[in-house]
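First the structure, in the form of structure tokens, and then the observations on it.
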Amino acid sequence: LSGIETYLTAARTSRVFQTEADYFAMELMDKAGYNPDKGLEGIGKIAEGLYGHSFLQSLTSSHPSPASRYSDMKKKAEEIRKRKETAHL
């Protein structure tokens, strides 16, 4: 059983790292002068073409589901927009 626990823990950790990488990429896009919403478009197209993860896939996958990534990235894009708006006040 410890092998399964180790695998599931590693998969969860990998999903967390992927989410952090998505956030970092959006911040980097913004700092480079690109619109972070363009990153949303790309993952949105992927999410549209897939039906999402089953419960078992969500436990064992090394990446968050495309729908989850889209949702998280959408929140991050809104956070970036709000930060930019308040910086211009």
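Letters A, B, ... mark the chains of the structure tokens in the order given; residue numbers begin at 1 per chain; ligand numbers begin at 1, in order shown.
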Subject >> Polymer residues at most 10 Å from Ala10 in chain A, only C-alpha atoms, same-chain spacing of 5 or more positions, as number ranges by chain >> reply: A: 4-5, 15-16, 60-62
Writing out the chosen residues with N, CA and C atoms as a compact mmCIF listing (two decimals), in the first residue's frame:
```txt
# COMPACT_ATOMS: atom_id res chain seq x y z
N ILE A 4 1.38 2.83 -3.46
CA ILE A 4 0.24 3.58 -3.97
C ILE A 4 0.17 4.95 -3.29
N GLU A 5 0.39 4.97 -1.99
CA GLU A 5 0.37 6.24 -1.26
C GLU A 5 1.44 7.18 -1.78
N ARG A 15 0.54 18.15 -9.45
CA ARG A 15 -0.59 19.03 -9.81
C ARG A 15 -0.42 20.41 -9.18
N VAL A 16 0.03 20.45 -7.94
CA VAL A 16 0.27 21.73 -7.27
C VAL A 16 1.36 22.51 -8.02
N THR A 60 -4.95 10.38 -9.75
CA THR A 60 -3.68 9.84 -10.24
C THR A 60 -2.98 10.71 -11.27
N SER A 61 -3.66 11.71 -11.78
CA SER A 61 -3.07 12.54 -12.84
C SER A 61 -1.96 13.42 -12.29
N SER A 62 -0.95 13.64 -13.13
CA SER A 62 0.14 14.53 -12.73
C SER A 62 -0.20 15.99 -13.01
```
**OP:** Determine, counting only C-alpha atoms, which protein, DNA and RNA residues have an atom within 12 Å of an atom of range 21-25 of chain A; residues of the same chain fewer than 6 positions away are not included. Present the result as a list in words.
**Re:** Ser14, Arg15, Lys31, Ala32, Tyr34, Asn35, Pro36, Asp37, Lys38, Gly39, Leu40, Gly42, Ile43, His63, Pro64, Pro66, Ser68, Arg69, Tyr70, Ser71, Asp72, Met73, Lys74, Lys75, Lys76, Ala77, Glu78, Glu79 and Ile80 of chain A
Original post:
If you measure from CA of Glu20 in chain A to CA of Lys45 in chain A, what distance in Å do you get, rounded to one decimal?
Top reply: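 So the answer is 20.3 Å.
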**OP:** List every residue of chain A that DSSP, applied to the backbone of this structure, assigns to alpha helix (DSSP H), and report them as a ChimeraX atom specification.
**Re:** /A:2-31,37-49,55-60,66-87
Original post:
Which one is closest to Glu48 in chain A: A:Asp30, A:Ala67, A:Arg83, A:Thr19? Count only C-alpha atoms.
Top reply: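 Among the listed residues, the smallest separation from Glu48 in chain A belongs to A:Ala67.
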